[in-house]
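Undergrad: I'm passing along target-v7.pdb; it holds PDB, C-alpha atoms and all ligand atoms.
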ATOM      1  CA  MET A1197     -12.309 -20.400  11.681
ATOM      2  CA  THR A1198     -14.587 -23.323  12.445
ATOM      3  CA  PHE A1199     -13.560 -26.404  14.391
ATOM      4  CA  GLU A1200     -14.959 -29.834  15.174
ATOM      5  CA  ASN A1201     -14.022 -29.828  18.877
ATOM      6  CA  LEU A1202     -13.648 -26.143  19.745
ATOM      7  CA  LEU A1203     -15.775 -23.021  19.903
ATOM      8  CA  ALA A1204     -13.931 -19.755  19.315
ATOM      9  CA  SER A1205     -15.155 -16.180  19.525
ATOM     10  CA  VAL A1206     -13.593 -12.726  19.867
ATOM     11  CA  GLN A1207     -15.088  -9.952  21.971
ATOM     12  CA  ASN A1208     -13.401  -6.861  23.454
ATOM     13  CA  ASN A1209     -10.031  -7.999  22.046
ATOM     14  CA  ILE A1210     -10.316 -11.295  23.962
ATOM     15  CA  LEU A1211     -10.382 -14.597  22.093
ATOM     16  CA  THR A1212     -12.261 -17.246  24.077
ATOM     17  CA  ILE A1213     -11.531 -20.821  23.051
ATOM     18  CA  THR A1214     -13.896 -23.421  24.520
ATOM     19  CA  ILE A1215     -12.898 -27.072  24.271
ATOM     20  CA  ASN A1216     -16.150 -28.669  23.237
ATOM     21  CA  ARG A1217     -16.295 -32.428  23.840
ATOM     22  CA  PRO A1218     -18.458 -32.407  26.995
ATOM     23  CA  ASP A1219     -19.603 -36.024  26.568
ATOM     24  CA  LYS A1220     -15.909 -37.049  26.916
ATOM     25  CA  LEU A1221     -15.227 -34.435  29.623
ATOM     26  CA  ASN A1222     -13.291 -32.467  26.982
ATOM     27  CA  ALA A1223     -10.524 -35.103  26.835
ATOM     28  CA  LEU A1224      -7.708 -34.075  24.522
ATOM     29  CA  ASN A1225      -7.699 -36.331  21.485
ATOM     30  CA  LYS A1226      -5.314 -35.737  18.573
ATOM     31  CA  ASN A1227      -7.790 -33.639  16.641
ATOM     32  CA  THR A1228      -8.492 -31.375  19.630
ATOM     33  CA  ILE A1229      -4.761 -30.842  20.183
ATOM     34  CA  ASP A1230      -4.323 -29.990  16.477
ATOM     35  CA  GLU A1231      -7.284 -27.616  16.530
ATOM     36  CA  LEU A1232      -6.104 -25.895  19.725
ATOM     37  CA  GLY A1233      -2.709 -25.331  18.112
ATOM     38  CA  GLN A1234      -4.350 -23.857  14.992
ATOM     39  CA  ALA A1235      -6.700 -21.619  17.000
ATOM     40  CA  LEU A1236      -3.844 -20.300  19.147
ATOM     41  CA  VAL A1237      -1.564 -19.563  16.194
ATOM     42  CA  ALA A1238      -4.440 -17.756  14.440
ATOM     43  CA  GLY A1239      -5.186 -15.820  17.644
ATOM     44  CA  GLU A1240      -1.570 -14.754  18.011
ATOM     45  CA  LYS A1241      -1.530 -13.478  14.409
ATOM     46  CA  ASP A1242      -4.805 -11.557  14.790
ATOM     47  CA  THR A1243      -3.917  -7.988  15.789
ATOM     48  CA  LEU A1244      -7.400  -7.563  17.291
ATOM     49  CA  VAL A1245      -6.690 -10.295  19.839
ATOM     50  CA  LYS A1246      -4.859  -9.055  22.946
ATOM     51  CA  VAL A1247      -5.566 -11.943  25.330
ATOM     52  CA  ILE A1248      -6.722 -15.544  24.904
ATOM     53  CA  VAL A1249      -8.901 -17.406  27.426
ATOM     54  CA  ILE A1250      -9.134 -21.214  27.248
ATOM     55  CA  THR A1251     -11.965 -23.043  29.019
ATOM     56  CA  GLY A1252     -13.956 -26.273  28.784
ATOM     57  CA  SER A1253     -17.599 -26.689  27.851
ATOM     58  CA  GLY A1254     -20.120 -27.943  30.396
ATOM     59  CA  GLN A1255     -20.092 -27.602  34.189
ATOM     60  CA  LYS A1256     -18.118 -30.718  34.938
ATOM     61  CA  ALA A1257     -14.707 -30.485  33.329
ATOM     62  CA  PHE A1258     -12.077 -28.155  32.003
ATOM     63  CA  VAL A1259     -10.264 -31.156  30.475
ATOM     64  CA  ALA A1260     -10.246 -34.675  32.045
ATOM     65  CA  GLY A1261      -6.912 -35.529  30.441
ATOM     66  CA  ALA A1262      -5.446 -36.852  27.252
ATOM     67  CA  ASP A1263      -7.876 -39.165  25.478
ATOM     68  CA  ILE A1264      -6.983 -42.540  26.992
ATOM     69  CA  SER A1265      -8.846 -44.460  24.269
ATOM     70  CA  GLU A1266      -6.411 -43.151  21.644
ATOM     71  CA  PHE A1267      -3.164 -44.373  23.214
ATOM     72  CA  ALA A1268      -4.146 -47.493  25.183
ATOM     73  CA  ASN A1269      -2.482 -49.775  22.596
ATOM     74  CA  PHE A1270       0.554 -47.641  21.765
ATOM     75  CA  SER A1271       4.133 -49.008  21.590
ATOM     76  CA  VAL A1272       7.192 -47.370  23.206
ATOM     77  CA  ASP A1273       7.974 -45.430  20.011
ATOM     78  CA  GLN A1274       4.381 -44.331  19.562
ATOM     79  CA  GLY A1275       4.325 -43.191  23.198
ATOM     80  CA  LYS A1276       7.439 -41.095  22.671
ATOM     81  CA  ALA A1277       6.026 -39.588  19.486
ATOM     82  CA  LEU A1278       2.715 -38.770  21.213
ATOM     83  CA  SER A1279       4.528 -36.859  23.955
ATOM     84  CA  ALA A1280       6.945 -35.071  21.598
ATOM     85  CA  GLU A1281       4.141 -34.021  19.230
ATOM     86  CA  GLY A1282       2.063 -32.704  22.118
ATOM     87  CA  HIS A1283       4.977 -30.632  23.414
ATOM     88  CA  ASN A1284       5.656 -29.137  19.981
ATOM     89  CA  LYS A1285       2.135 -28.649  18.721
ATOM     90  CA  LEU A1286       0.459 -27.337  21.839
ATOM     91  CA  PHE A1287       2.053 -27.202  25.278
ATOM     92  CA  ASN A1288       5.340 -25.451  24.427
ATOM     93  CA  LEU A1289       3.458 -23.403  21.847
ATOM     94  CA  ILE A1290       1.174 -21.960  24.539
ATOM     95  CA  GLN A1291       3.999 -21.296  26.987
ATOM     96  CA  ASN A1292       5.889 -19.356  24.316
ATOM     97  CA  LEU A1293       2.906 -17.632  22.733
ATOM     98  CA  THR A1294       3.509 -13.887  22.826
ATOM     99  CA  THR A1295      -0.209 -13.270  23.364
ATOM    100  CA  PRO A1296      -1.092 -13.880  27.033
ATOM    101  CA  VAL A1297      -3.170 -17.020  27.628
ATOM    102  CA  ILE A1298      -5.427 -17.483  30.677
ATOM    103  CA  ALA A1299      -6.818 -20.910  31.645
ATOM    104  CA  ALA A1300     -10.364 -20.761  33.054
ATOM    105  CA  ILE A1301     -10.496 -24.063  34.952
ATOM    106  CA  ASN A1302     -14.161 -24.958  35.320
ATOM    107  CA  GLY A1303     -14.109 -28.465  36.844
ATOM    108  CA  PHE A1304     -11.874 -31.529  36.470
ATOM    109  CA  SER A1305      -8.424 -30.549  35.244
ATOM    110  CA  LEU A1306      -6.589 -33.844  35.138
ATOM    111  CA  GLY A1307      -3.493 -35.178  33.429
ATOM    112  CA  GLY A1308      -3.205 -33.442  30.061
ATOM    113  CA  GLY A1309      -5.915 -31.025  31.262
ATOM    114  CA  LEU A1310      -3.766 -29.803  34.144
ATOM    115  CA  GLU A1311      -0.753 -29.802  31.822
ATOM    116  CA  LEU A1312      -2.735 -27.599  29.441
ATOM    117  CA  ALA A1313      -3.628 -25.209  32.274
ATOM    118  CA  MET A1314      -0.015 -25.176  33.480
ATOM    119  CA  SER A1315       1.221 -24.205  29.998
ATOM    120  CA  CYS A1316      -0.965 -21.092  30.131
ATOM    121  CA  HIS A1317       0.466 -17.867  31.538
ATOM    122  CA  ILE A1318      -2.252 -17.416  34.201
ATOM    123  CA  ARG A1319      -4.727 -19.855  35.784
ATOM    124  CA  VAL A1320      -8.105 -19.035  37.336
ATOM    125  CA  ALA A1321     -10.151 -21.889  38.850
ATOM    126  CA  SER A1322     -13.750 -22.251  39.928
ATOM    127  CA  ASP A1323     -14.151 -23.432  43.520
ATOM    128  CA  ASN A1324     -15.546 -26.800  42.359
ATOM    129  CA  ALA A1325     -12.434 -27.574  40.275
ATOM    130  CA  LYS A1326     -10.399 -30.689  41.011
ATOM    131  CA  MET A1327      -6.822 -30.853  39.793
ATOM    132  CA  GLY A1328      -4.289 -33.643  39.556
ATOM    133  CA  LEU A1329      -1.826 -35.658  37.526
ATOM    134  CA  PRO A1330      -3.255 -39.193  37.904
ATOM    135  CA  GLU A1331      -1.094 -40.783  35.186
ATOM    136  CA  VAL A1332       0.737 -43.262  37.458
ATOM    137  CA  SER A1333      -2.645 -44.821  38.210
ATOM    138  CA  LEU A1334      -2.693 -45.734  34.495
ATOM    139  CA  GLY A1335       0.898 -47.005  34.504
ATOM    140  CA  VAL A1336       2.326 -43.965  32.753
ATOM    141  CA  ILE A1337       3.770 -40.569  33.748
ATOM    142  CA  PRO A1338       2.688 -37.061  32.757
ATOM    143  CA  GLY A1339       3.952 -36.602  29.191
ATOM    144  CA  TYR A1340       2.800 -33.124  28.202
ATOM    145  CA  GLY A1341       5.229 -31.173  30.405
ATOM    146  CA  GLY A1342       3.634 -32.016  33.763
ATOM    147  CA  THR A1343       6.794 -33.356  35.417
ATOM    148  CA  GLN A1344       8.531 -30.065  34.617
ATOM    149  CA  ARG A1345       5.856 -27.380  34.937
ATOM    150  CA  LEU A1346       4.230 -28.729  38.129
ATOM    151  CA  ALA A1347       7.606 -28.694  39.903
ATOM    152  CA  GLN A1348       8.228 -25.146  38.605
ATOM    153  CA  LEU A1349       4.879 -23.959  39.966
ATOM    154  CA  VAL A1350       4.558 -25.771  43.315
ATOM    155  CA  GLY A1351       8.114 -26.967  44.053
ATOM    156  CA  LYS A1352       9.655 -30.422  43.683
ATOM    157  CA  GLY A1353       8.341 -31.943  46.922
ATOM    158  CA  LYS A1354       4.671 -31.141  46.350
ATOM    159  CA  ALA A1355       4.954 -32.008  42.638
ATOM    160  CA  LEU A1356       6.370 -35.453  43.421
ATOM    161  CA  GLU A1357       3.680 -36.014  46.051
ATOM    162  CA  MET A1358       0.895 -35.129  43.597
ATOM    163  CA  ILE A1359       2.436 -37.249  40.836
ATOM    164  CA  MET A1360       3.246 -40.274  43.031
ATOM    165  CA  THR A1361      -0.078 -40.387  44.913
ATOM    166  CA  ALA A1362      -2.157 -39.481  41.813
ATOM    167  CA  ASP A1363      -4.365 -37.560  44.273
ATOM    168  CA  LEU A1364      -6.655 -34.765  43.131
ATOM    169  CA  ILE A1365      -6.455 -31.454  44.973
ATOM    170  CA  THR A1366      -9.112 -28.800  45.498
ATOM    171  CA  ALA A1367      -9.062 -25.331  43.966
ATOM    172  CA  ASN A1368      -8.288 -23.825  47.368
ATOM    173  CA  ASP A1369      -5.302 -26.143  47.879
ATOM    174  CA  ALA A1370      -4.150 -25.222  44.370
ATOM    175  CA  LEU A1371      -4.393 -21.537  45.331
ATOM    176  CA  THR A1372      -2.414 -22.067  48.546
ATOM    177  CA  TRP A1373       0.249 -24.015  46.649
ATOM    178  CA  GLY A1374       0.586 -21.406  43.900
ATOM    179  CA  LEU A1375      -0.785 -23.714  41.207
ATOM    180  CA  VAL A1376      -3.588 -21.270  40.349
ATOM    181  CA  ASN A1377      -3.638 -17.475  40.558
ATOM    182  CA  HIS A1378      -7.280 -17.009  41.637
ATOM    183  CA  VAL A1379     -10.326 -19.023  42.734
ATOM    184  CA  THR A1380     -13.907 -17.873  42.091
ATOM    185  CA  THR A1381     -17.393 -19.312  42.125
ATOM    186  CA  PRO A1382     -18.300 -21.159  38.906
ATOM    187  CA  ASP A1383     -20.670 -18.385  37.738
ATOM    188  CA  LEU A1384     -17.955 -15.725  38.122
ATOM    189  CA  LEU A1385     -15.138 -17.725  36.542
ATOM    190  CA  LEU A1386     -15.218 -16.110  33.101
ATOM    191  CA  THR A1387     -15.984 -12.687  34.592
ATOM    192  CA  LYS A1388     -12.776 -12.899  36.653
ATOM    193  CA  CYS A1389     -10.796 -14.049  33.586
ATOM    194  CA  TYR A1390     -12.210 -11.206  31.470
ATOM    195  CA  GLU A1391     -11.423  -8.667  34.225
ATOM    196  CA  LEU A1392      -7.790  -9.784  34.147
ATOM    197  CA  ALA A1393      -7.813  -9.919  30.346
ATOM    198  CA  GLU A1394      -9.190  -6.392  30.037
ATOM    199  CA  LYS A1395      -6.551  -5.003  32.372
ATOM    200  CA  ILE A1396      -3.809  -6.805  30.431
ATOM    201  CA  SER A1397      -5.309  -5.577  27.121
ATOM    202  CA  SER A1398      -5.011  -1.965  28.272
ATOM    203  CA  ARG A1399      -1.217  -2.329  28.667
ATOM    204  CA  SER A1400       1.401  -2.418  25.911
ATOM    205  CA  SER A1401       1.028  -5.760  24.137
ATOM    206  CA  VAL A1402       4.490  -5.466  22.611
ATOM    207  CA  ALA A1403       6.014  -4.987  26.096
ATOM    208  CA  ILE A1404       3.945  -7.902  27.419
ATOM    209  CA  ALA A1405       5.293 -10.116  24.608
ATOM    210  CA  SER A1406       8.842  -9.177  25.651
ATOM    211  CA  ALA A1407       8.031  -9.910  29.298
ATOM    212  CA  ILE A1408       6.791 -13.410  28.377
ATOM    213  CA  VAL A1409      10.021 -14.111  26.455
ATOM    214  CA  ALA A1410      12.172 -12.851  29.356
ATOM    215  CA  VAL A1411      10.299 -14.738  32.110
ATOM    216  CA  ASN A1412      10.271 -17.977  30.078
ATOM    217  CA  ALA A1413      14.030 -17.674  29.511
ATOM    218  CA  ASN A1414      14.621 -18.599  33.166
ATOM    219  CA  TYR A1415      13.208 -22.058  32.472
ATOM    220  CA  GLU A1416      15.288 -22.832  29.379
ATOM    221  CA  ASP A1417      18.427 -24.920  29.747
ATOM    222  CA  GLY A1418      21.610 -23.127  28.780
ATOM    223  CA  VAL A1419      19.930 -19.742  28.486
ATOM    224  CA  ASN A1420      20.861 -16.836  30.743
ATOM    225  CA  GLY A1421      17.557 -15.176  31.588
ATOM    226  CA  PHE A1422      19.258 -11.954  32.689
ATOM    227  CA  ASN A1423      20.855 -11.615  29.246
ATOM    228  CA  ILE A1424      17.485 -12.195  27.569
ATOM    229  CA  GLU A1425      15.971  -9.551  29.850
ATOM    230  CA  ILE A1426      18.651  -7.064  28.759
ATOM    231  CA  GLU A1427      17.877  -7.807  25.078
ATOM    232  CA  GLU A1428      14.101  -7.550  25.497
ATOM    233  CA  PHE A1429      14.375  -4.421  27.675
ATOM    234  CA  GLY A1430      16.492  -2.753  24.988
ATOM    235  CA  LYS A1431      14.064  -3.780  22.235
ATOM    236  CA  CYS A1432      11.221  -1.974  24.023
ATOM    237  CA  PHE A1433      13.017   1.357  23.489
ATOM    238  CA  GLY A1434      12.489   0.968  19.740
ATOM    239  CA  THR A1435       8.704   0.523  19.973
ATOM    240  CA  GLU A1436       5.879   3.003  19.383
ATOM    241  CA  ASP A1437       4.335   1.805  22.647
ATOM    242  CA  PHE A1438       7.396   2.934  24.611
ATOM    243  CA  LYS A1439       7.171   6.426  23.071
ATOM    244  CA  GLU A1440       3.441   6.531  23.760
ATOM    245  CA  GLY A1441       3.725   5.159  27.317
ATOM    246  CA  THR A1442       6.464   7.537  28.418
ATOM    247  CA  SER A1443       4.872  10.564  26.631
ATOM    248  CA  ALA A1444       1.488   9.819  28.205
ATOM    249  CA  PHE A1445       3.087   9.675  31.654
ATOM    250  CA  LEU A1446       4.914  12.989  31.164
ATOM    251  CA  GLU A1447       1.784  14.621  29.687
ATOM    252  CA  LYS A1448      -0.316  13.264  32.591
ATOM    253  CA  ARG A1449      -2.765  11.412  30.325
ATOM    254  CA  LYS A1450      -3.783   7.791  29.793
ATOM    255  CA  ALA A1451      -1.635   5.906  27.293
ATOM    256  CA  ASN A1452      -3.270   4.672  24.123
ATOM    257  CA  PHE A1453      -1.092   1.806  22.948
ATOM    258  CA  SER A1454      -0.950   0.655  19.322
ATOM    259  CA  GLY A1455       0.832  -2.595  20.212
ATOM    260  CA  LYS A1456       3.693  -1.715  17.856
TER     261      LYS A1456
HETATM  262  N1  LIG J1501      -9.954 -40.023  28.031
HETATM  263  C1  LIG J1501     -10.971 -40.523  27.333
HETATM  264  N2  LIG J1501     -12.246 -40.479  27.763
HETATM  265  C2  LIG J1501     -12.492 -39.899  28.935
HETATM  266  C3  LIG J1501     -11.466 -39.335  29.717
HETATM  267  C4  LIG J1501     -10.140 -39.420  29.217
HETATM  268  N3  LIG J1501      -9.102 -38.896  29.861
HETATM  269  N4  LIG J1501     -12.024 -38.845  30.838
HETATM  270  C5  LIG J1501     -13.344 -39.060  30.763
HETATM  271  N5  LIG J1501     -13.633 -39.707  29.624
HETATM  272  C6  LIG J1501     -14.938 -40.138  29.131
HETATM  273  C7  LIG J1501     -15.409 -41.404  29.840
HETATM  274  O1  LIG J1501     -14.837 -42.550  29.244
HETATM  275  C8  LIG J1501     -16.893 -41.313  29.637
HETATM  276  O2  LIG J1501     -17.190 -41.674  28.300
HETATM  277  P1  LIG J1501     -18.435 -42.699  28.000
HETATM  278  O3  LIG J1501     -19.632 -41.967  28.517
HETATM  279  O4  LIG J1501     -18.406 -42.829  26.518
HETATM  280  O5  LIG J1501     -18.127 -43.942  28.774
HETATM  281  C9  LIG J1501     -17.167 -39.820  29.739
HETATM  282  O6  LIG J1501     -15.918 -39.179  29.472
HETATM  283  C10 LIG J1501     -17.642 -39.382  31.118
HETATM  284  O7  LIG J1501     -16.709 -39.820  32.072
HETATM  285  P2  LIG J1501     -17.078 -40.715  33.356
HETATM  286  O8  LIG J1501     -15.846 -41.447  33.776
HETATM  287  O9  LIG J1501     -18.299 -41.526  33.073
HETATM  288  O10 LIG J1501     -17.435 -39.574  34.402
HETATM  289  P3  LIG J1501     -17.347 -39.681  35.990
HETATM  290  O11 LIG J1501     -18.056 -38.488  36.520
HETATM  291  O12 LIG J1501     -17.785 -41.015  36.484
HETATM  292  O13 LIG J1501     -15.778 -39.559  36.328
HETATM  293  C11 LIG J1501     -13.556 -38.651  36.095
HETATM  294  C12 LIG J1501     -15.070 -38.373  36.030
HETATM  295  C13 LIG J1501     -12.834 -37.390  35.603
HETATM  296  C14 LIG J1501     -13.162 -38.951  37.554
HETATM  297  C15 LIG J1501     -13.215 -39.873  35.200
HETATM  298  O14 LIG J1501     -13.776 -39.631  33.916
HETATM  299  C16 LIG J1501     -11.736 -40.106  35.019
HETATM  300  O15 LIG J1501     -11.078 -40.619  35.919
HETATM  301  N6  LIG J1501     -11.196 -39.771  33.816
HETATM  302  C17 LIG J1501      -9.819 -40.032  33.471
HETATM  303  C18 LIG J1501      -8.886 -39.083  34.197
HETATM  304  C19 LIG J1501      -7.440 -39.399  33.876
HETATM  305  O16 LIG J1501      -6.898 -40.412  34.267
HETATM  306  N7  LIG J1501      -6.804 -38.481  33.154
HETATM  307  C20 LIG J1501      -5.422 -38.596  32.792
HETATM  308  C21 LIG J1501      -5.309 -39.185  31.452
HETATM  309  S1  LIG J1501      -3.618 -39.348  30.981
END
Since I need it in another form, could you write the structure as structure tokens?
TA:
Amino acid sequence: MTFENLLASVQNNILTITINRPDKLNALNKNTIDELGQALVAGEKDTLVKVIVITGSGQKAFVAGADISEFANFSVDQGKALSAEGHNKLFNLIQNLTTPVIAAINGFSLGGGLELAMSCHIRVASDNAKMGLPEVSLGVIPGYGGTQRLAQLVGKGKALEMIMTADLITANDALTWGLVNHVTTPDLLLTKCYELAEKISSRSSVAIASAIVAVNANYEDGVNGFNIEIEEFGKCFGTEDFKEGTSAFLEKRKANFSGK
């Protein structure tokens, strides 16, 4: 697939998607959101792809936010539609993707950029990254899941402080607060992501898909996550990977998973 605002390539079962609008600090305009959605859906369908890594092009930014120039003149209804479309087309899509997604945060990760990273299953940041939800400085609030996912990741008090002050935090603060999983130097950022991706790729992808469904269930209103866990746990017993994983253990050999 070719895109206007993305680069995409697969190597070692890892799809790397690079948001490629460096002159606009990779700001998420409508087309980029559409293309990201298409690339992720295609990646999930591709049986060769076991893990997806999302990063930004250039040294300066992962994503500096939603593209402000596109919504500056929007009405109340257009604002609502912008948020709802973003949730459906990209942010909820990533959270619920059954292929693991890692955000490689290589610089500014602001507003929609941090919301994009927070939708991913794992976040790795370079030590020069700056993260924040500065929307209230524009007279708006985070609209791509930030009010919900930031509180889930760092707790309500810290989330409200970040949102109300619009302050940016460092990668090390983000690590201490649990907003990112790892911090590396900029030159080792992708290496660290690929290390994680390769480890994840060696496990059962069908079991990992079930784990994502079960963990996400805790954050859905009206859904009992324990019941979803029971369902997903049971489903694993019908997979080839379960037979292979348990046989390999009993035969004292390394499992070779088919992902089925
Ligand atoms: N939307 C649209 N364009 C953006 C953007 C955004 N969120 N963030 C950066 N850009 C554009 C700038 O307008 C500029 O374009 P231009 O060269 O055509 O004028 C280009 O990217 C470079 O940004 P610039 O502001 O010149 O870089 P800087 O190093 O001085 O500042 C930031 C970097 C990240 C501090 C600054 O760009 C910024 O505050 N961006 C907006 C962050 C934000 O509020 N995000 C939340 C949006 S809801």
Undergrad: Output as a tab-separated table one row per residue of chain A within 9 Å of ligand LIG 1501 (chain J): the closest atom pair and its distance in Å to one decimal place, counting only C-alpha atoms and all ligand atoms, sorted by chain and residue number ascending.
TA:
residue	atom	partner	partner_atom	distance
A:Arg1217	CA	J:LIG1501	O6	8.8
A:Pro1218	CA	J:LIG1501	O6	7.6
A:Asp1219	CA	J:LIG1501	C9	5.5
A:Lys1220	CA	J:LIG1501	O6	3.3
A:Leu1221	CA	J:LIG1501	O6	4.8
A:Asn1222	CA	J:LIG1501	N4	7.6
A:Ala1223	CA	J:LIG1501	C4	4.9
A:Leu1224	CA	J:LIG1501	N1	7.3
A:Asn1225	CA	J:LIG1501	N1	7.8
A:Lys1256	CA	J:LIG1501	O11	7.9
A:Ala1257	CA	J:LIG1501	C13	7.5
A:Val1259	CA	J:LIG1501	N3	7.9
A:Ala1260	CA	J:LIG1501	N4	4.7
A:Gly1261	CA	J:LIG1501	N7	4.0
A:Ala1262	CA	J:LIG1501	C21	4.8
A:Asp1263	CA	J:LIG1501	N1	3.4
A:Ile1264	CA	J:LIG1501	N1	4.0
A:Ser1265	CA	J:LIG1501	C1	5.4
A:Glu1266	CA	J:LIG1501	C1	7.8
A:Phe1304	CA	J:LIG1501	C13	6.0
A:Ser1305	CA	J:LIG1501	C13	8.1
A:Leu1306	CA	J:LIG1501	N7	5.0
A:Gly1307	CA	J:LIG1501	C20	4.0
A:Gly1308	CA	J:LIG1501	S1	6.0
A:Gly1309	CA	J:LIG1501	C20	7.7
A:Lys1326	CA	J:LIG1501	C13	8.9
A:Gly1328	CA	J:LIG1501	N7	8.4
A:Leu1329	CA	J:LIG1501	C20	6.6
A:Pro1330	CA	J:LIG1501	O16	5.3
A:Glu1331	CA	J:LIG1501	S1	5.1
A:Val1332	CA	J:LIG1501	S1	8.7
A:Ser1333	CA	J:LIG1501	O16	7.3
A:Leu1334	CA	J:LIG1501	O16	6.8
A:Val1336	CA	J:LIG1501	S1	7.7
A:Ile1337	CA	J:LIG1501	S1	8.0
A:Pro1338	CA	J:LIG1501	S1	6.9
A:Gly1339	CA	J:LIG1501	S1	8.2
A:Ala1362	CA	J:LIG1501	O16	9.0
Undergrad: Might you spell out which residues the PyMOL selection byres (((chain A and resi 1291) around 7) and not hetatm) would select in the displayed file, as a list of chain:residue names?
TA: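 Answer for the PyMOL selection byres (((chain A and resi 1291) around 7) and not hetatm): A:Phe1287, A:Asn1288, A:Leu1289, A:Ile1290, A:Asn1292, A:Leu1293, A:Ser1315, A:Cys1316, A:His1317.
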Undergrad: Tell me which of A:Leu1232, A:Ile1210, A:Leu1202, A:Met1360 sits closest to Lys1395 in chain A, counting all atoms listed in the file.
TA: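 That would be A:Ile1210, the residue with the smallest distance to Lys1395 in chain A.
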Undergrad: Have a look at A:Ala1370, A:Leu1385, A:Ala1299, A:Leu1310 and name the one nearest to Ser1322 in chain A; count all atoms listed in the file.
TA: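 Counting all atoms listed in the file, the residue closest to Ser1322 in chain A is A:Leu1385.
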Undergrad: Using the chain letters and numbers from this file, what does the PyMOL selection byres (((chain A and resi 1251) around 9) and not hetatm) select? Give the answer as a PDB file with C-alpha atoms, in the frame of the given file.
TA:
ATOM      1  CA  THR A1212     -12.261 -17.246  24.077  1.00  0.00           C
ATOM      2  CA  ILE A1213     -11.531 -20.821  23.051  1.00  0.00           C
ATOM      3  CA  THR A1214     -13.896 -23.421  24.520  1.00  0.00           C
ATOM      4  CA  ILE A1215     -12.898 -27.072  24.271  1.00  0.00           C
ATOM      5  CA  VAL A1249      -8.901 -17.406  27.426  1.00  0.00           C
ATOM      6  CA  ILE A1250      -9.134 -21.214  27.248  1.00  0.00           C
ATOM      7  CA  GLY A1252     -13.956 -26.273  28.784  1.00  0.00           C
ATOM      8  CA  SER A1253     -17.599 -26.689  27.851  1.00  0.00           C
ATOM      9  CA  PHE A1258     -12.077 -28.155  32.003  1.00  0.00           C
ATOM     10  CA  VAL A1259     -10.264 -31.156  30.475  1.00  0.00           C
ATOM     11  CA  ILE A1298      -5.427 -17.483  30.677  1.00  0.00           C
ATOM     12  CA  ALA A1299      -6.818 -20.910  31.645  1.00  0.00           C
ATOM     13  CA  ALA A1300     -10.364 -20.761  33.054  1.00  0.00           C
ATOM     14  CA  ILE A1301     -10.496 -24.063  34.952  1.00  0.00           C
ATOM     15  CA  ASN A1302     -14.161 -24.958  35.320  1.00  0.00           C
ATOM     16  CA  LEU A1386     -15.218 -16.110  33.101  1.00  0.00           C
TER      17      LEU A1386
END
Undergrad: Considering all atoms listed in the file, can you say which of A:Glu1440, A:Lys1276, A:Gln1348, A:Leu1392 comes closest to Glu1416 in chain A?
TA: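 Among the listed residues, the smallest separation from Glu1416 in chain A belongs to A:Gln1348.
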Undergrad: Name the residues in contact with Val1376 in chain A at a cut-off of 8 Å, using only C-alpha atoms, excluding same-chain residues fewer than 3 positions from it; report them as a ChimeraX atom specification.
TA: /A:1318-1321,1367,1370-1371,1373,1379
Undergrad: Could you tell me how far CA of Leu1278 in chain A lies from CA of Ile1229 in chain A, in Å and to one decimal?
TA: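 CA of Leu1278 in chain A sits 10.9 Å away from CA of Ile1229 in chain A.
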Undergrad: Using the chain letters and numbering of this document, enumerate as a VMD selection string the residues selected by the PyMOL selection byres (((chain A and resi 1441) around 12) and not hetatm).
TA: chain A and resid 1398 to 1403 1432 to 1433 1435 to 1440 1442 to 1456
Undergrad: Skipping near chain neighbours, those fewer than 2 positions away, what residues fall within 10 Å of Val1350 in chain A using only C-alpha atoms, listed as a tab-separated table (two decimals) with C-alpha atoms, in the frame of the given file?
TA:
chain	number	residue	atom	x	y	z
A	1345	ARG	CA	5.86	-27.38	34.94
A	1346	LEU	CA	4.23	-28.73	38.13
A	1347	ALA	CA	7.61	-28.69	39.90
A	1348	GLN	CA	8.23	-25.15	38.60
A	1352	LYS	CA	9.65	-30.42	43.68
A	1353	GLY	CA	8.34	-31.94	46.92
A	1354	LYS	CA	4.67	-31.14	46.35
A	1355	ALA	CA	4.95	-32.01	42.64
A	1356	LEU	CA	6.37	-35.45	43.42
A	1370	ALA	CA	-4.15	-25.22	44.37
A	1372	THR	CA	-2.41	-22.07	48.55
A	1373	TRP	CA	0.25	-24.02	46.65
A	1374	GLY	CA	0.59	-21.41	43.90
A	1375	LEU	CA	-0.78	-23.71	41.21
A	1376	VAL	CA	-3.59	-21.27	40.35
Undergrad: Expressed in Å to a single decimal, how great is the separation between CA of Asn1216 in chain A and CA of Gly1254 in chain A?
TA: 8.2 Å
